[in-house]
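Text of the file run_16.pdb, holding PDB, C-alpha atoms:
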```
ATOM      1  CA  MET A 151       0.000   0.000   0.000
ATOM      2  CA  THR A 152       1.440   3.373  -1.024
ATOM      3  CA  ILE A 153       0.546   7.030  -0.520
ATOM      4  CA  GLN A 154       0.110   7.312  -4.278
ATOM      5  CA  GLN A 155      -2.442   4.494  -4.342
ATOM      6  CA  LEU A 156      -4.410   6.266  -1.604
ATOM      7  CA  LYS A 157      -4.411   9.432  -3.700
ATOM      8  CA  TYR A 158      -5.781   7.447  -6.642
ATOM      9  CA  ILE A 159      -8.756   6.017  -4.735
ATOM     10  CA  VAL A 160      -9.608   9.439  -3.302
ATOM     11  CA  ALA A 161      -9.504  10.930  -6.802
ATOM     12  CA  LEU A 162     -11.698   8.105  -8.112
ATOM     13  CA  ASP A 163     -14.203   8.732  -5.331
ATOM     14  CA  GLU A 164     -14.330  12.449  -6.158
ATOM     15  CA  GLU A 165     -14.505  12.056  -9.952
ATOM     16  CA  ARG A 166     -16.409   8.703 -10.151
ATOM     17  CA  HIS A 167     -14.765   8.226 -13.561
ATOM     18  CA  PHE A 168     -11.453   6.518 -14.435
ATOM     19  CA  ALA A 169     -10.428   8.892 -17.231
ATOM     20  CA  ARG A 170     -11.123  12.075 -15.239
ATOM     21  CA  ALA A 171      -9.426  10.678 -12.100
ATOM     22  CA  ALA A 172      -6.373   9.737 -14.159
ATOM     23  CA  GLU A 173      -6.225  13.265 -15.562
ATOM     24  CA  VAL A 174      -6.424  14.772 -12.052
ATOM     25  CA  CYS A 175      -3.629  12.475 -10.869
ATOM     26  CA  MET A 176      -1.597  13.148 -14.028
ATOM     27  CA  VAL A 177      -1.219   9.460 -14.889
ATOM     28  CA  THR A 178      -2.506   7.285 -17.702
ATOM     29  CA  GLN A 179      -5.864   5.594 -17.264
ATOM     30  CA  PRO A 180      -4.343   2.087 -17.571
ATOM     31  CA  GLY A 181      -1.738   3.007 -14.965
ATOM     32  CA  LEU A 182      -4.382   4.157 -12.485
ATOM     33  CA  THR A 183      -6.499   1.065 -13.142
ATOM     34  CA  ILE A 184      -3.522  -1.239 -12.501
ATOM     35  CA  GLN A 185      -2.667   0.520  -9.230
ATOM     36  CA  LEU A 186      -6.287   0.207  -8.019
ATOM     37  CA  LYS A 187      -6.298  -3.483  -8.910
ATOM     38  CA  ASN A 188      -2.975  -4.020  -7.073
ATOM     39  CA  LEU A 189      -4.303  -2.315  -3.953
ATOM     40  CA  GLU A 190      -7.558  -4.294  -3.958
ATOM     41  CA  GLU A 191      -5.633  -7.559  -4.389
ATOM     42  CA  GLU A 192      -3.264  -6.637  -1.547
ATOM     43  CA  ILE A 193      -6.048  -5.933   0.969
ATOM     44  CA  GLY A 194      -8.461  -8.523  -0.438
ATOM     45  CA  ILE A 195     -11.380  -6.086  -0.694
ATOM     46  CA  LYS A 196     -13.135  -4.449  -3.646
ATOM     47  CA  ILE A 197     -13.049  -0.704  -3.114
ATOM     48  CA  PHE A 198     -15.219   0.241  -6.123
ATOM     49  CA  ASP A 199     -18.181  -1.464  -7.833
ATOM     50  CA  ARG A 200     -17.232  -1.223 -11.502
ATOM     51  CA  ASN A 201     -20.639  -2.508 -12.645
ATOM     52  CA  LYS A 202     -22.373   0.693 -11.598
ATOM     53  CA  VAL A 203     -22.442   3.947 -13.552
ATOM     54  CA  PRO A 204     -21.143   6.261 -12.368
ATOM     55  CA  LEU A 205     -18.395   4.390 -10.550
ATOM     56  CA  THR A 206     -19.505   3.720  -6.966
ATOM     57  CA  PRO A 207     -17.477   2.718  -3.889
ATOM     58  CA  THR A 208     -18.505  -0.413  -2.006
ATOM     59  CA  VAL A 209     -19.637  -0.257   1.613
ATOM     60  CA  LEU A 210     -16.168  -1.208   2.862
ATOM     61  CA  GLY A 211     -14.670   0.949   0.123
ATOM     62  CA  ILE A 212     -16.332   4.044   1.628
ATOM     63  CA  GLU A 213     -14.624   3.327   4.981
ATOM     64  CA  ILE A 214     -11.273   2.763   3.278
ATOM     65  CA  ILE A 215     -11.604   5.998   1.282
ATOM     66  CA  ASN A 216     -12.429   7.983   4.432
ATOM     67  CA  LYS A 217      -9.353   6.571   6.178
ATOM     68  CA  ALA A 218      -7.258   7.342   3.086
ATOM     69  CA  LYS A 219      -8.419  10.976   3.198
ATOM     70  CA  LYS A 220      -7.379  11.202   6.845
ATOM     71  CA  ILE A 221      -3.967   9.676   6.113
ATOM     72  CA  LEU A 222      -3.379  12.092   3.219
ATOM     73  CA  ARG A 223      -4.265  15.047   5.454
ATOM     74  CA  GLU A 224      -1.710  13.827   7.991
ATOM     75  CA  VAL A 225       0.882  13.426   5.232
ATOM     76  CA  ASP A 226       0.283  17.050   4.254
ATOM     77  CA  GLU A 227       0.666  18.059   7.907
ATOM     78  CA  ILE A 228       4.013  16.246   8.078
ATOM     79  CA  ARG A 229       5.140  18.018   4.918
ATOM     80  CA  ASP A 230       4.078  21.396   6.317
ATOM     81  CA  PHE A 231       5.795  20.588   9.610
ATOM     82  CA  VAL A 232       9.071  19.740   7.874
ATOM     83  CA  ILE A 233       8.975  22.926   5.789
ATOM     84  CA  ASN A 234       8.253  24.965   8.906
ATOM     85  CA  GLU A 235      11.067  23.308  10.860
ATOM     86  CA  LYS A 236      13.564  23.976   8.068
ATOM     87  CA  ASN A 237      12.674  27.661   8.202
ATOM     88  CA  LEU A 238      12.249  27.919  11.983
ATOM     89  CA  LEU A 239      14.583  30.439  13.593
ATOM     90  CA  GLU A 240      14.065  29.395  17.192
ATOM     91  CA  GLY A 241      14.875  26.555  19.522
ATOM     92  CA  GLU A 242      18.212  25.079  20.544
ATOM     93  CA  LEU A 243      21.296  24.526  18.400
ATOM     94  CA  LYS A 244      24.490  22.818  19.534
ATOM     95  CA  LEU A 245      27.468  24.547  17.892
ATOM     96  CA  GLY A 246      31.051  23.292  17.875
ATOM     97  CA  ILE A 247      34.050  25.417  16.944
ATOM     98  CA  ILE A 248      37.774  24.718  16.688
ATOM     99  CA  SER A 249      39.839  26.070  19.574
ATOM    100  CA  THR A 250      42.152  28.112  17.314
ATOM    101  CA  LEU A 251      39.165  30.142  16.100
ATOM    102  CA  SER A 252      36.738  30.215  19.014
ATOM    103  CA  PRO A 253      38.241  32.974  21.231
ATOM    104  CA  TYR A 254      38.353  35.436  18.349
ATOM    105  CA  LEU A 255      35.241  34.665  16.294
ATOM    106  CA  ILE A 256      32.655  33.619  18.899
ATOM    107  CA  PRO A 257      32.338  37.015  20.655
ATOM    108  CA  LEU A 258      31.713  38.667  17.271
ATOM    109  CA  PHE A 259      29.426  35.862  16.061
ATOM    110  CA  ILE A 260      27.199  35.881  19.161
ATOM    111  CA  GLN A 261      26.473  39.575  18.783
ATOM    112  CA  ALA A 262      25.621  39.135  15.102
ATOM    113  CA  MET A 263      23.351  36.110  15.755
ATOM    114  CA  LYS A 264      21.460  37.957  18.491
ATOM    115  CA  GLU A 265      20.197  40.253  15.760
ATOM    116  CA  ALA A 266      19.754  37.614  13.040
ATOM    117  CA  ALA A 267      18.005  34.918  15.136
ATOM    118  CA  PRO A 268      17.140  36.223  18.630
ATOM    119  CA  LYS A 269      15.001  33.172  19.501
ATOM    120  CA  VAL A 270      17.730  30.601  18.854
ATOM    121  CA  HIS A 271      19.581  29.356  21.945
ATOM    122  CA  PHE A 272      23.146  28.344  21.087
ATOM    123  CA  ILE A 273      25.045  25.780  23.138
ATOM    124  CA  ILE A 274      28.669  26.340  22.145
ATOM    125  CA  LYS A 275      31.387  23.703  22.484
ATOM    126  CA  GLU A 276      35.040  24.416  21.801
ATOM    127  CA  GLY A 277      37.061  21.447  20.583
ATOM    128  CA  TYR A 278      39.641  19.974  18.268
ATOM    129  CA  THR A 279      39.022  19.129  14.615
ATOM    130  CA  GLY A 280      38.884  15.349  15.065
ATOM    131  CA  HIS A 281      36.533  15.563  18.053
ATOM    132  CA  LEU A 282      34.158  17.935  16.277
ATOM    133  CA  MET A 283      33.955  15.696  13.212
ATOM    134  CA  LYS A 284      33.044  12.745  15.413
ATOM    135  CA  ASP A 285      30.463  14.825  17.307
ATOM    136  CA  LEU A 286      28.817  15.854  14.020
ATOM    137  CA  GLU A 287      28.495  12.234  12.927
ATOM    138  CA  THR A 288      27.050  11.084  16.262
ATOM    139  CA  GLY A 289      24.688  14.053  16.616
ATOM    140  CA  ALA A 290      26.389  15.433  19.742
ATOM    141  CA  ILE A 291      26.560  18.782  17.920
ATOM    142  CA  ASP A 292      24.471  20.161  15.052
ATOM    143  CA  VAL A 293      26.926  22.503  13.335
ATOM    144  CA  ALA A 294      30.690  23.025  13.498
ATOM    145  CA  ILE A 295      32.771  26.037  12.488
ATOM    146  CA  MET A 296      36.097  24.568  11.429
ATOM    147  CA  ALA A 297      38.901  24.450   8.891
ATOM    148  CA  THR A 298      38.122  22.479   5.741
ATOM    149  CA  PRO A 299      38.205  20.391   3.647
ATOM    150  CA  THR A 300      37.643  17.591   6.144
ATOM    151  CA  GLY A 301      37.760  14.754   3.618
ATOM    152  CA  ASN A 302      34.752  13.181   5.363
ATOM    153  CA  PRO A 303      32.053  12.073   2.864
ATOM    154  CA  ASN A 304      29.379  12.072   5.603
ATOM    155  CA  LEU A 305      29.758  15.791   6.240
ATOM    156  CA  ILE A 306      28.633  18.776   4.171
ATOM    157  CA  GLU A 307      30.865  21.856   4.114
ATOM    158  CA  HIS A 308      29.693  25.415   3.450
ATOM    159  CA  VAL A 309      32.719  27.661   2.945
ATOM    160  CA  VAL A 310      32.383  31.064   4.665
ATOM    161  CA  PHE A 311      35.785  32.741   4.329
ATOM    162  CA  LYS A 312      39.534  32.271   3.865
ATOM    163  CA  GLU A 313      41.690  33.255   6.848
ATOM    164  CA  PRO A 314      45.340  34.182   6.195
ATOM    165  CA  PHE A 315      48.133  33.111   8.510
ATOM    166  CA  VAL A 316      50.584  35.680   9.860
ATOM    167  CA  ALA A 317      53.992  35.282  11.498
ATOM    168  CA  TYR A 318      54.197  36.256  15.178
ATOM    169  CA  LEU A 319      57.755  37.404  15.981
ATOM    170  CA  ASN A 320      59.599  38.751  19.006
ATOM    171  CA  GLN A 321      61.459  42.049  18.864
ATOM    172  CA  GLY A 322      64.785  40.276  18.569
ATOM    173  CA  HIS A 323      63.848  38.445  15.359
ATOM    174  CA  PRO A 324      65.888  39.497  12.287
ATOM    175  CA  MET A 325      62.675  40.445  10.432
ATOM    176  CA  ALA A 326      60.952  42.216  13.340
ATOM    177  CA  ASN A 327      61.251  45.583  11.612
ATOM    178  CA  ASP A 328      60.390  44.396   8.079
ATOM    179  CA  GLU A 329      57.006  44.938   6.437
ATOM    180  CA  PHE A 330      56.560  41.282   5.432
ATOM    181  CA  TYR A 331      57.756  37.958   6.782
ATOM    182  CA  GLU A 332      59.781  35.433   4.803
ATOM    183  CA  MET A 333      60.893  32.097   6.216
ATOM    184  CA  GLN A 334      64.485  32.284   7.478
ATOM    185  CA  PRO A 335      66.834  29.267   7.599
ATOM    186  CA  GLY A 336      67.062  29.405  11.382
ATOM    187  CA  ASP A 337      63.308  29.715  11.903
ATOM    188  CA  LYS A 338      62.401  26.107  11.218
ATOM    189  CA  THR A 339      63.772  24.891  14.543
ATOM    190  CA  GLU A 340      62.101  27.769  16.383
ATOM    191  CA  LEU A 341      58.501  27.057  15.280
ATOM    192  CA  LEU A 342      56.070  26.724  18.200
ATOM    193  CA  LEU A 343      53.155  24.304  17.755
ATOM    194  CA  LEU A 344      49.949  23.448  19.613
ATOM    195  CA  HIS A 345      49.905  20.047  21.279
ATOM    196  CA  HIS A 346      46.518  18.625  20.266
ATOM    197  CA  GLU A 347      45.681  20.569  17.099
ATOM    198  CA  TYR A 348      47.111  18.053  14.633
ATOM    199  CA  CYS A 349      45.313  19.486  11.604
ATOM    200  CA  TYR A 350      46.458  23.007  12.505
ATOM    201  CA  ASN A 351      50.041  21.818  13.085
ATOM    202  CA  ALA A 352      50.065  20.016   9.745
ATOM    203  CA  GLN A 353      49.219  23.287   8.029
ATOM    204  CA  LEU A 354      52.057  25.075   9.806
ATOM    205  CA  LEU A 355      54.570  22.352   8.968
ATOM    206  CA  ASP A 356      53.514  22.612   5.330
ATOM    207  CA  ILE A 357      53.979  26.386   5.372
ATOM    208  CA  CYS A 358      57.489  25.922   6.774
ATOM    209  CA  GLY A 359      58.339  23.039   4.436
ATOM    210  CA  LEU A 360      58.821  20.589   7.312
ATOM    211  CA  LYS A 361      57.904  16.902   7.215
ATOM    212  CA  THR A 362      57.806  16.362  10.986
ATOM    213  CA  SER A 363      57.866  18.305  14.239
ATOM    214  CA  ASP A 364      60.181  15.793  15.970
ATOM    215  CA  LYS A 365      63.275  18.007  15.881
ATOM    216  CA  ILE A 366      61.587  21.295  16.718
ATOM    217  CA  LYS A 367      62.690  22.832  20.021
ATOM    218  CA  GLU A 368      64.898  19.959  21.158
ATOM    219  CA  GLN A 369      65.933  21.822  24.302
ATOM    220  CA  PHE A 370      62.470  21.638  25.899
ATOM    221  CA  THR A 371      59.157  19.849  25.576
ATOM    222  CA  TYR A 372      55.832  21.599  26.088
ATOM    223  CA  ASP A 373      52.144  20.678  26.097
ATOM    224  CA  ILE A 374      50.099  23.791  25.326
ATOM    225  CA  ASN A 375      46.772  24.216  23.590
ATOM    226  CA  SER A 376      46.333  27.994  23.363
ATOM    227  CA  ILE A 377      47.388  30.484  20.726
ATOM    228  CA  GLU A 378      47.624  33.085  23.493
ATOM    229  CA  THR A 379      50.226  30.895  25.242
ATOM    230  CA  LEU A 380      52.152  30.674  21.968
ATOM    231  CA  LYS A 381      52.195  34.471  21.825
ATOM    232  CA  ASN A 382      53.571  34.709  25.349
ATOM    233  CA  LEU A 383      56.317  32.201  24.511
ATOM    234  CA  VAL A 384      57.227  34.324  21.499
ATOM    235  CA  ARG A 385      57.340  37.489  23.628
ATOM    236  CA  ALA A 386      59.680  35.611  25.987
ATOM    237  CA  HIS A 387      62.033  34.992  23.019
ATOM    238  CA  LEU A 388      61.426  31.228  23.102
ATOM    239  CA  GLY A 389      60.615  30.881  19.418
ATOM    240  CA  PHE A 390      58.174  32.188  16.834
ATOM    241  CA  ALA A 391      54.651  31.218  15.813
ATOM    242  CA  ILE A 392      52.477  31.186  12.724
ATOM    243  CA  ILE A 393      48.968  32.130  13.794
ATOM    244  CA  PRO A 394      45.577  32.853  12.156
ATOM    245  CA  LYS A 395      44.966  36.515  11.395
ATOM    246  CA  LEU A 396      41.785  36.705  13.511
ATOM    247  CA  SER A 397      43.911  36.080  16.616
ATOM    248  CA  THR A 398      45.606  39.457  16.032
ATOM    249  CA  ILE A 399      42.521  41.644  15.492
ATOM    250  CA  ASN A 400      42.723  43.280  18.939
ATOM    251  CA  GLU A 401      46.471  43.862  18.844
ATOM    252  CA  SER A 402      48.571  46.768  17.658
ATOM    253  CA  GLY A 403      52.306  46.946  17.155
ATOM    254  CA  GLY A 404      54.827  45.131  15.020
ATOM    255  CA  LEU A 405      54.952  41.647  16.512
ATOM    256  CA  PHE A 406      52.824  40.056  13.772
ATOM    257  CA  LYS A 407      53.876  40.238  10.143
ATOM    258  CA  PRO A 408      51.973  39.280   6.970
ATOM    259  CA  PHE A 409      53.629  36.879   4.559
ATOM    260  CA  LYS A 410      54.825  37.986   1.164
ATOM    261  CA  GLU A 411      52.678  36.660  -1.629
ATOM    262  CA  PRO A 412      51.682  33.911  -2.010
ATOM    263  CA  VAL A 413      50.179  34.085   1.506
ATOM    264  CA  PRO A 414      49.128  30.845   3.277
ATOM    265  CA  VAL A 415      45.487  30.727   4.299
ATOM    266  CA  ARG A 416      43.036  28.277   5.793
ATOM    267  CA  GLU A 417      39.459  27.737   4.627
ATOM    268  CA  ILE A 418      36.821  28.234   7.345
ATOM    269  CA  SER A 419      33.442  26.576   6.835
ATOM    270  CA  LEU A 420      30.155  25.738   8.499
ATOM    271  CA  VAL A 421      30.096  21.940   8.582
ATOM    272  CA  VAL A 422      26.997  19.791   9.141
ATOM    273  CA  SER A 423      26.028  16.143   8.817
ATOM    274  CA  ASP A 424      24.247  15.060   5.645
ATOM    275  CA  SER A 425      20.967  14.849   7.628
ATOM    276  CA  PHE A 426      20.954  18.472   8.833
ATOM    277  CA  SER A 427      17.764  20.185   7.629
ATOM    278  CA  LYS A 428      17.642  23.744   9.013
ATOM    279  CA  LYS A 429      18.902  25.425   5.877
ATOM    280  CA  LEU A 430      17.557  28.890   6.655
ATOM    281  CA  LEU A 431      19.325  28.937  10.025
ATOM    282  CA  LEU A 432      22.534  27.823   8.335
ATOM    283  CA  GLU A 433      22.194  30.688   5.857
ATOM    284  CA  LYS A 434      21.680  33.143   8.730
ATOM    285  CA  MET A 435      24.784  31.815  10.487
ATOM    286  CA  ASN A 436      26.832  32.092   7.300
ATOM    287  CA  GLU A 437      25.672  35.671   6.823
ATOM    288  CA  ALA A 438      26.294  36.568  10.490
ATOM    289  CA  ILE A 439      29.869  35.253  10.415
ATOM    290  CA  TRP A 440      30.644  37.108   7.205
ATOM    291  CA  ASN A 441      29.139  40.366   8.454
ATOM    292  CA  CYS A 442      31.098  40.317  11.717
ATOM    293  CA  LEU A 443      34.486  39.725  10.082
ATOM    294  CA  PRO A 444      37.057  42.532   9.942
ATOM    295  CA  GLU A 445      37.106  44.206   6.544
ATOM    296  CA  SER A 446      40.635  42.929   5.906
ATOM    297  CA  LEU A 447      39.238  39.374   5.695
ATOM    298  CA  LYS A 448      36.534  40.348   3.198
ATOM    299  CA  LYS A 449      38.886  41.440   0.437
ATOM    300  CA  ASP A 450      38.371  39.797  -2.923
ATOM    301  CA  PHE A 451      41.342  37.465  -3.307
ATOM    302  CA  THR A 452      42.302  34.968  -5.982
ATOM    303  CA  TYR A 453      43.550  31.682  -4.551
ATOM    304  CA  LYS A 454      45.769  29.009  -5.965
ATOM    305  CA  LYS A 455      45.092  25.474  -4.781
ATOM    306  CA  ILE A 456      48.157  23.399  -3.920
ATOM    307  CA  ARG A 457      48.761  20.025  -2.226
ATOM    308  CA  TRP A 458      51.063  19.127   0.635
ATOM    309  CA  ASN A 459      51.354  15.425   1.460
ATOM    310  CA  ASP A 460      48.131  14.776  -0.517
ATOM    311  CA  SER A 461      46.184  17.217   1.683
ATOM    312  CA  PRO A 462      44.632  20.265  -0.013
ATOM    313  CA  TYR A 463      45.477  23.717   1.304
ATOM    314  CA  PHE A 464      45.010  27.120  -0.249
ATOM    315  CA  ILE A 465      47.486  29.864  -1.011
ATOM    316  CA  LYS A 466      46.551  33.438  -1.849
ATOM    317  CA  ALA A 467      48.175  34.250  -5.182
ATOM    318  CA  ILE A 468      46.850  37.704  -6.052
ATOM    319  CA  SER A 469      45.193  40.266  -3.805
ATOM    320  CA  LYS A 470      43.531  43.551  -4.470
ATOM    321  CA  LEU A 471      45.671  45.042  -1.719
ATOM    322  CA  SER A 472      48.702  44.940  -4.003
TER     323      SER A 472
END
```
Could you express the structure from this file as structure tokens?
Amino acid sequence: MTIQQLKYIVALDEERHFARAAEVCMVTQPGLTIQLKNLEEEIGIKIFDRNKVPLTPTVLGIEIINKAKKILREVDEIRDFVINEKNLLEGELKLGIISTLSPYLIPLFIQAMKEAAPKVHFIIKEGYTGHLMKDLETGAIDVAIMATPTGNPNLIEHVVFKEPFVAYLNQGHPMANDEFYEMQPGDKTELLLLHHEYCYNAQLLDICGLKTSDKIKEQFTYDINSIETLKNLVRAHLGFAIIPKLSTINESGGLFKPFKEPVPVREISLVVSDSFSKKLLLEKMNEAIWNCLPESLKKDFTYKKIRWNDSPYFIKAISKLS
């Protein structure tokens, strides 16, 4: 028994004529007749008395048709409910965000979303890339703001912006007074990394042309998870860091330097599972993030796609700032 078969018997009851009912249902008359026959054989009951003109439902057929009408009304209600839910800008949403982005984007994002969707309650979880991907697949979170591509076929990625990396130097660095940063031979052993952000570290190693972090900073071992701690280590002349540009938006001075072109960037996206349905809310979030970004991240850049160790990253090739 199918929804379509129920539509056919309701149309037959209303039209009391096979040809007219077929026209209403936009099928051929033989096709409608076959579907009615299949349904009657399945339930073992004649729904219509074909010997009468016009076509007349049987006593049991009338009961079946009335139940079919009720079912079809409920189907329409389900459809309306789904459409409404997709466009509903209220309720609860569990949002995950990578730890290298959260402290700098979330305060801006919350203010923007208060205006865009004031009835949505966000539960925000900061985490690492691998954990957030797992949480999306298990339903522990609904949406993640993270660096992409993830390479996960079960996730859908909506790119929002490209975030450049900048070099964070101490005042004693040879390029501290230069306008742009270029990798120096002695810098590779001075690179400071985050302990758990493997995806982030891989990007930095690629930027520096390193295959492994094993020989970095042999004189001490550290276990840190904060970009702000990296900055303090740099200020203490214990190395240098490559950090996302958003982490410098509230700073002034010459400690951070842009790269010469081509400039390394990371792609930031809203990531959801393939079953996520609230498309309007996702659009509002995309718009809110974009609107709250500093103007320097909204410039129209042309990017060149490259590969490091079979993992795609993006490099800014030409910018309108030049």
Edge lengths and centre, in Å to one decimal, as lines of an AutoDock Vina configuration file: that's what I need for the box along x, y and z that holds all listed atoms of segment 286-293 of chain A plus 8 Å on each side.
```
center_x = 26.6
center_y = 16.8
center_z = 16.3
size_x = 20.3
size_y = 27.4
size_z = 22.8
```
Original post:
Using the chain letters and numbers from the file, which residues does the PyMOL selection byres ((chain A and resi 245) around 12) grab, as a PyMOL selection string?
Top reply: chain A and resi 242-244+246-248+252+256+259-260+270-277+282-283+285-286+289-296+420-422+432+435
Would you write out those residues with C-alpha atoms, as a PDB file, in the frame of the given file?
```pdb
ATOM      1  CA  GLU A 242      18.212  25.079  20.544  1.00  0.00           C
ATOM      2  CA  LEU A 243      21.296  24.526  18.400  1.00  0.00           C
ATOM      3  CA  LYS A 244      24.490  22.818  19.534  1.00  0.00           C
ATOM      4  CA  GLY A 246      31.051  23.292  17.875  1.00  0.00           C
ATOM      5  CA  ILE A 247      34.050  25.417  16.944  1.00  0.00           C
ATOM      6  CA  ILE A 248      37.774  24.718  16.688  1.00  0.00           C
ATOM      7  CA  SER A 252      36.738  30.215  19.014  1.00  0.00           C
ATOM      8  CA  ILE A 256      32.655  33.619  18.899  1.00  0.00           C
ATOM      9  CA  PHE A 259      29.426  35.862  16.061  1.00  0.00           C
ATOM     10  CA  ILE A 260      27.199  35.881  19.161  1.00  0.00           C
ATOM     11  CA  VAL A 270      17.730  30.601  18.854  1.00  0.00           C
ATOM     12  CA  HIS A 271      19.581  29.356  21.945  1.00  0.00           C
ATOM     13  CA  PHE A 272      23.146  28.344  21.087  1.00  0.00           C
ATOM     14  CA  ILE A 273      25.045  25.780  23.138  1.00  0.00           C
ATOM     15  CA  ILE A 274      28.669  26.340  22.145  1.00  0.00           C
ATOM     16  CA  LYS A 275      31.387  23.703  22.484  1.00  0.00           C
ATOM     17  CA  GLU A 276      35.040  24.416  21.801  1.00  0.00           C
ATOM     18  CA  GLY A 277      37.061  21.447  20.583  1.00  0.00           C
ATOM     19  CA  LEU A 282      34.158  17.935  16.277  1.00  0.00           C
ATOM     20  CA  MET A 283      33.955  15.696  13.212  1.00  0.00           C
ATOM     21  CA  ASP A 285      30.463  14.825  17.307  1.00  0.00           C
ATOM     22  CA  LEU A 286      28.817  15.854  14.020  1.00  0.00           C
ATOM     23  CA  GLY A 289      24.688  14.053  16.616  1.00  0.00           C
ATOM     24  CA  ALA A 290      26.389  15.433  19.742  1.00  0.00           C
ATOM     25  CA  ILE A 291      26.560  18.782  17.920  1.00  0.00           C
ATOM     26  CA  ASP A 292      24.471  20.161  15.052  1.00  0.00           C
ATOM     27  CA  VAL A 293      26.926  22.503  13.335  1.00  0.00           C
ATOM     28  CA  ALA A 294      30.690  23.025  13.498  1.00  0.00           C
ATOM     29  CA  ILE A 295      32.771  26.037  12.488  1.00  0.00           C
ATOM     30  CA  MET A 296      36.097  24.568  11.429  1.00  0.00           C
ATOM     31  CA  LEU A 420      30.155  25.738   8.499  1.00  0.00           C
ATOM     32  CA  VAL A 421      30.096  21.940   8.582  1.00  0.00           C
ATOM     33  CA  VAL A 422      26.997  19.791   9.141  1.00  0.00           C
ATOM     34  CA  LEU A 432      22.534  27.823   8.335  1.00  0.00           C
ATOM     35  CA  MET A 435      24.784  31.815  10.487  1.00  0.00           C
TER      36      MET A 435
END
```
Subject >> Counting only C-alpha atoms, the residue of A:Ser397, A:Asn237, A:Thr208, A:Thr288 that sits nearest Asp163 of chain A >> reply: A:Thr208
**OP:** Please write the residues picked by the PyMOL selection byres ((chain A and resi 396) around 12) on this file as a VMD selection string.
**Re:** chain A and resid 250 to 258 311 to 316 377 393 to 395 397 to 401 406 415 to 416 418 442 to 447
Original post:
What does the PyMOL selection byres ((chain A and resi 269) around 7) select in this file, as JSON, numbers by chain?
Top reply: {"A": [239, 240, 241, 267, 268, 270, 271]}
